[in-house]
Amino acid sequence: MSKTFVYLVYFGLYSLAILIIGKSSFGESDSISKFFVGERKIGVCRLFFTFVGTWISAATILGYTGNVYQNGVAVISMSVIPWFIGALMLYAISDRLYDNDIFTIPQLIRNRYGSKGLQVASALLMSGGYVLYLVMQIKGFGIAASNLLNIDYKVAVFLVYLFILYSTFGGFNSVTKTDAGNLVMLAISVGVIYFVIVGKVEGTWLLTDGTVARETMKAGAVAEQKGLFRDYSPLMYISMFFGWGMGLATNPQYMVRIVAAKDKKTAKRMLLCAMGFLAVFYFALTQIGLGLKILFPHLETFCATDDIFVYAIDHLLHTRFSGFFLISVIGACLSTANSQLLLIGSMLSYDVAGQFGCNGMKEEKLLVRARWFIFIGGTLSLILSINPPGNILFFGADVWGAFAVVFTPLIYGALLYPKGTKAGAYAAFITGVLCSLLLWGRTTRVYWAFPATACSVSAYLVVSYIERRWGMRDEMAE
């Protein structure tokens with residue numbers, strides 16, 4: 001039986017499961033509350049699966065593992081540690097966030113600052129960021145599907161486009177169901193791959209950079225442990241938090257899942273369970289990346305960073321279950337992508353289109369518009385994914401960095417700083433956008449989002465203070 005035929009069977013079964021889930025969820029999403037946040041009735045188990053499923057993306061499976069292969073455990077300091085600090089920040093604000101009766105995060109911004117303009121602008125900027133981030137997920141799907149089905153990358157990305165659209169049209173319930181199935185498959189796959197790879201390295205079950213150097217030297221290869229930021233100051237490591245970490249802490253795709261919980265206790269329990277699971281998961285991925293470096297030290301000579309994991313599974317560790325492993329990678333990309341597309345549809349229909357007119361839109365019209373915006377956002381991401389970024393881990397950090405720059409003062413100010421004003425929020429938004437445009441991707445001694453976030457937060461505080469002082473003077477004059 002040929003490898004391609006076996007892979008086709010796996011792909012066919014997975015496609016059938018997605019079709020069944022998508023079709024069954026259409027009737028469950030007949031209101032904006034159901035479509036956007038599952039009526040805010042989601043229990044711990046479903047919430048855990050959708051939160052973790054959304055978290056684990058192409059950046060995790062392909063980008064993180066490939067960078068560990070190339071650069072060793074130094075990758076942890078600029079990705080995993082900031083991610084977990086960001087999750088702790090979400091835990092700290094979860095009660096206050098849940099207390100807001102909202103469907104979207106731009107709605108929170110409007111309610112706090114009393115500005116429809118900020119609501120619309122925030123929704124547009126967040127949606128644009130998700131379109132860029134979706135490119136990474138489509139690229140990850142394309143890499144896995146092109147190996148799985150032995151087809152061209154451009155054909156493969158069109159397949160994920162159809163998968164994402166169909167699984168998202170059913171709304172929040174459809175997304176949570178697919179997230180659960182995808183995460184179970186991924187956990188099984190990563191667990192099996194971890195034991196297979198680490199078991200092939202004799203003498204130890206805990207791999208380190210030192211193990212890699214020693215074992216590759218025995219094999220006649222030299223493993224240069226470069227580190228991601230060898231030529232930068234230690235401040236670079238710390239300031240990278242304002243990419244992945246603060247970007248995660250200001251990200252609507254995670255905040256909406258807190259809002260969707262049936263109560264505040266459920267949201268907190270879910271966050272703790274998620275962090276525990278993810279700690280084990282990243283340990284396994286780190287060991288896999290180091291193990292691949294020991295077993296196949298020359299992969300990077302003919303594989304791009306993001307291709308290393310899939311290439312090793314498909315060509316070097318091929319078994320009858322390799323198709324299942326590759327489907328799991330596809331599922332991880334799909335879980336993040338459909339969550340972000342749902343947010344694009346929700347925000348553009350509710351926070352943008354829904355704000356025009358005397359009484360807004362009726363629910364039926366909002367739901368139709370949401371699905372249209374899902375289609376538009378997915379199509380735009382598909383077009384951009386034809387020429388994707390080279391290293392999705394770094395590209396993702398920059399996208400999340402823009403979220404941190406603009407939305408740290410707006411969201412955390414709304415929840416934690418009652419003295420913030422509408423003018424301060426506008427100043428922070430404008431300053432954040434300008435700083436992001438000027439500094440994005442620039443090589444400096446610190447990560448570019450750190451000074452940019454400092455500027456937006458300063459603008460928020462200073463302008464809010466000035467506005468309050470002027471208000472006090474006006475009151476005294478009267």
# chains A, B, ... in the order shown; residues from 1 in each chain; ligands from 1
$ closest_atom_pairs --of "segment 260-372 of chain A" --to "segment 199-210 of chain A" --cutoff "9 Å" --atoms "only C-alpha atoms" --output "tab-separated table"
residue	atom	partner	partner_atom	distance
A:Thr286	CA	A:Leu207	CA	8.6
A:Gln287	CA	A:Leu207	CA	6.0
A:Ile288	CA	A:Leu207	CA	9.0
A:Leu290	CA	A:Leu207	CA	6.6
A:Gly291	CA	A:Leu207	CA	7.1
A:Ile294	CA	A:Val201	CA	7.7
A:Leu295	CA	A:Val201	CA	7.6
$ residues_around --residues "Met240 of chain A" --least-positions-apart "6" --cutoff "10 Å" --atoms "only C-alpha atoms" --output "list in words"
Ser77, Met78, Ser79, Ile81, Pro82, Met246, Ala397, Asp398, Gly401, Val446, Tyr447, Trp448, Ala449 and Phe450 of chain A
$ atom_distance --atom1 "atom CA of Phe195 of chain A" --atom2 "atom CA of Gly140 of chain A"
23.5 Å
$ closest_residue --among "A:Met236, A:Ile258, A:Val80, A:Gly396" --to "Thr443 of chain A" --atoms "only C-alpha atoms"
A:Met236
$ residues_around --residues "Ile32 of chain A" --least-positions-apart "3" --cutoff "12 Å" --atoms "only C-alpha atoms" --output "PDB file with C-alpha atoms, in the first residue's frame"
ATOM      1  CA  GLU A  28     -26.696  26.112  16.954  1.00  0.00           C
ATOM      2  CA  SER A  29     -25.659  29.645  15.995  1.00  0.00           C
ATOM      3  CA  PHE A  35     -22.264  32.833  17.270  1.00  0.00           C
ATOM      4  CA  PHE A  36     -19.750  35.138  19.009  1.00  0.00           C
ATOM      5  CA  VAL A  37     -19.330  33.732  22.546  1.00  0.00           C
ATOM      6  CA  GLY A  38     -21.418  30.562  22.861  1.00  0.00           C
ATOM      7  CA  GLU A  39     -24.019  32.389  24.990  1.00  0.00           C
ATOM      8  CA  ARG A  40     -21.365  32.723  27.726  1.00  0.00           C
ATOM      9  CA  ILE A 102     -19.706  42.135  25.980  1.00  0.00           C
ATOM     10  CA  PHE A 103     -19.494  40.151  22.748  1.00  0.00           C
ATOM     11  CA  THR A 104     -16.201  41.623  21.478  1.00  0.00           C
ATOM     12  CA  GLY A 170     -20.881  27.550  12.309  1.00  0.00           C
ATOM     13  CA  GLY A 171     -19.701  30.115  14.857  1.00  0.00           C
ATOM     14  CA  PHE A 172     -18.251  29.637  18.335  1.00  0.00           C
ATOM     15  CA  ASN A 173     -19.737  26.168  18.890  1.00  0.00           C
ATOM     16  CA  LEU A 342     -14.460  34.134  13.729  1.00  0.00           C
ATOM     17  CA  GLY A 345     -16.294  38.232  11.222  1.00  0.00           C
ATOM     18  CA  SER A 346     -17.543  39.208  14.697  1.00  0.00           C
ATOM     19  CA  MET A 347     -15.679  42.503  14.925  1.00  0.00           C
ATOM     20  CA  SER A 349     -19.988  42.886  11.511  1.00  0.00           C
ATOM     21  CA  TYR A 350     -20.741  43.989  15.089  1.00  0.00           C
ATOM     22  CA  GLY A 354     -23.246  47.217  13.071  1.00  0.00           C
ATOM     23  CA  MET A 361     -28.467  46.031  12.527  1.00  0.00           C
ATOM     24  CA  LYS A 362     -30.869  43.225  13.342  1.00  0.00           C
ATOM     25  CA  GLU A 363     -29.321  39.973  14.529  1.00  0.00           C
ATOM     26  CA  GLU A 364     -30.138  38.067  11.346  1.00  0.00           C
ATOM     27  CA  LYS A 365     -28.375  40.674   9.261  1.00  0.00           C
ATOM     28  CA  LEU A 366     -25.389  40.752  11.599  1.00  0.00           C
ATOM     29  CA  LEU A 367     -24.950  36.996  11.277  1.00  0.00           C
ATOM     30  CA  VAL A 368     -25.103  37.172   7.479  1.00  0.00           C
ATOM     31  CA  ARG A 369     -22.575  40.011   7.491  1.00  0.00           C
ATOM     32  CA  ALA A 370     -20.322  38.090   9.888  1.00  0.00           C
ATOM     33  CA  ARG A 371     -20.114  35.142   7.492  1.00  0.00           C
TER      34      ARG A 371
END
$ select_by_dssp --residues "segment 147-388 of chain A" --states "helix (DSSP H, G or I)" --output "ChimeraX atom specification"
/A:147-149,153-169,172-199,209-218,234-242,244-249,252-259,264-295,299-301,305-316,322-355,363-384
$ closest_residue --among "A:Phe84, A:Tyr69, A:Tyr14, A:Trp470" --to "Gly289 of chain A" --atoms "only C-alpha atoms"
A:Tyr69
$ closest_atom_pairs --of "segment 423-446 of chain A" --to "segment 114-131 of chain A" --cutoff "10 Å" --atoms "only C-alpha atoms" --output "tab-separated table"
residue	atom	partner	partner_atom	distance
A:Ala423	CA	A:Ser115	CA	9.8
A:Ala425	CA	A:Leu118	CA	8.1
A:Tyr426	CA	A:Leu118	CA	7.1
A:Phe429	CA	A:Leu118	CA	8.2
A:Val433	CA	A:Leu125	CA	9.1
$ atom_distance --atom1 "atom CA of Gly53 of chain A" --atom2 "atom CA of Ala332 of chain A"
6.7 Å
$ closest_residue --among "A:Ile327, A:Val75, A:Ile386, A:Leu348" --to "Leu13 of chain A" --atoms "only C-alpha atoms"
A:Ile327
$ residues_around --residues "Gly191 of chain A" --least-positions-apart "6" --cutoff "12 Å" --atoms "only C-alpha atoms" --output "PyMOL selection string"
chain A and resi 183-185+197-199+280-285+287-288+325+328
$ closest_residue --among "A:Val9, A:Ile61, A:Ile308, A:Val463" --to "Ser189 of chain A" --atoms "only C-alpha atoms"
A:Ile61
$ residues_around --residues "Tyr460 of chain A" --least-positions-apart "3" --cutoff "6 Å" --atoms "only C-alpha atoms" --output "ChimeraX atom specification"
/A:424-425,427-428,457,463-464
$ write_last_selection --atoms "N, CA and C atoms" --output "PDB file, in the first residue's frame"
ATOM      1  N   GLY A 424      -7.250  60.458  26.302  1.00  0.00           N
ATOM      2  CA  GLY A 424      -6.057  59.649  26.535  1.00  0.00           C
ATOM      3  C   GLY A 424      -6.057  58.391  25.695  1.00  0.00           C
ATOM      4  N   ALA A 425      -7.235  57.768  25.560  1.00  0.00           N
ATOM      5  CA  ALA A 425      -7.340  56.561  24.745  1.00  0.00           C
ATOM      6  C   ALA A 425      -7.051  56.859  23.278  1.00  0.00           C
ATOM      7  N   ALA A 427      -5.210  59.325  22.162  1.00  0.00           N
ATOM      8  CA  ALA A 427      -3.779  59.631  22.068  1.00  0.00           C
ATOM      9  C   ALA A 427      -2.952  58.351  22.039  1.00  0.00           C
ATOM     10  N   ALA A 428      -3.326  57.388  22.886  1.00  0.00           N
ATOM     11  CA  ALA A 428      -2.604  56.108  22.921  1.00  0.00           C
ATOM     12  C   ALA A 428      -2.757  55.358  21.606  1.00  0.00           C
ATOM     13  N   VAL A 457       1.690  54.039  26.097  1.00  0.00           N
ATOM     14  CA  VAL A 457       1.245  54.102  27.489  1.00  0.00           C
ATOM     15  C   VAL A 457       1.459  55.505  28.056  1.00  0.00           C
ATOM     16  N   VAL A 463      -2.008  62.440  28.505  1.00  0.00           N
ATOM     17  CA  VAL A 463      -3.186  63.131  27.958  1.00  0.00           C
ATOM     18  C   VAL A 463      -4.382  62.973  28.895  1.00  0.00           C
ATOM     19  N   SER A 464      -4.534  61.806  29.508  1.00  0.00           N
ATOM     20  CA  SER A 464      -5.614  61.626  30.481  1.00  0.00           C
ATOM     21  C   SER A 464      -5.441  62.581  31.658  1.00  0.00           C
TER      22      SER A 464
END
$ closest_residue --among "A:Thr178, A:Asn251, A:Thr379, A:Asn111" --to "Ala17 of chain A" --atoms "only C-alpha atoms"
A:Thr178
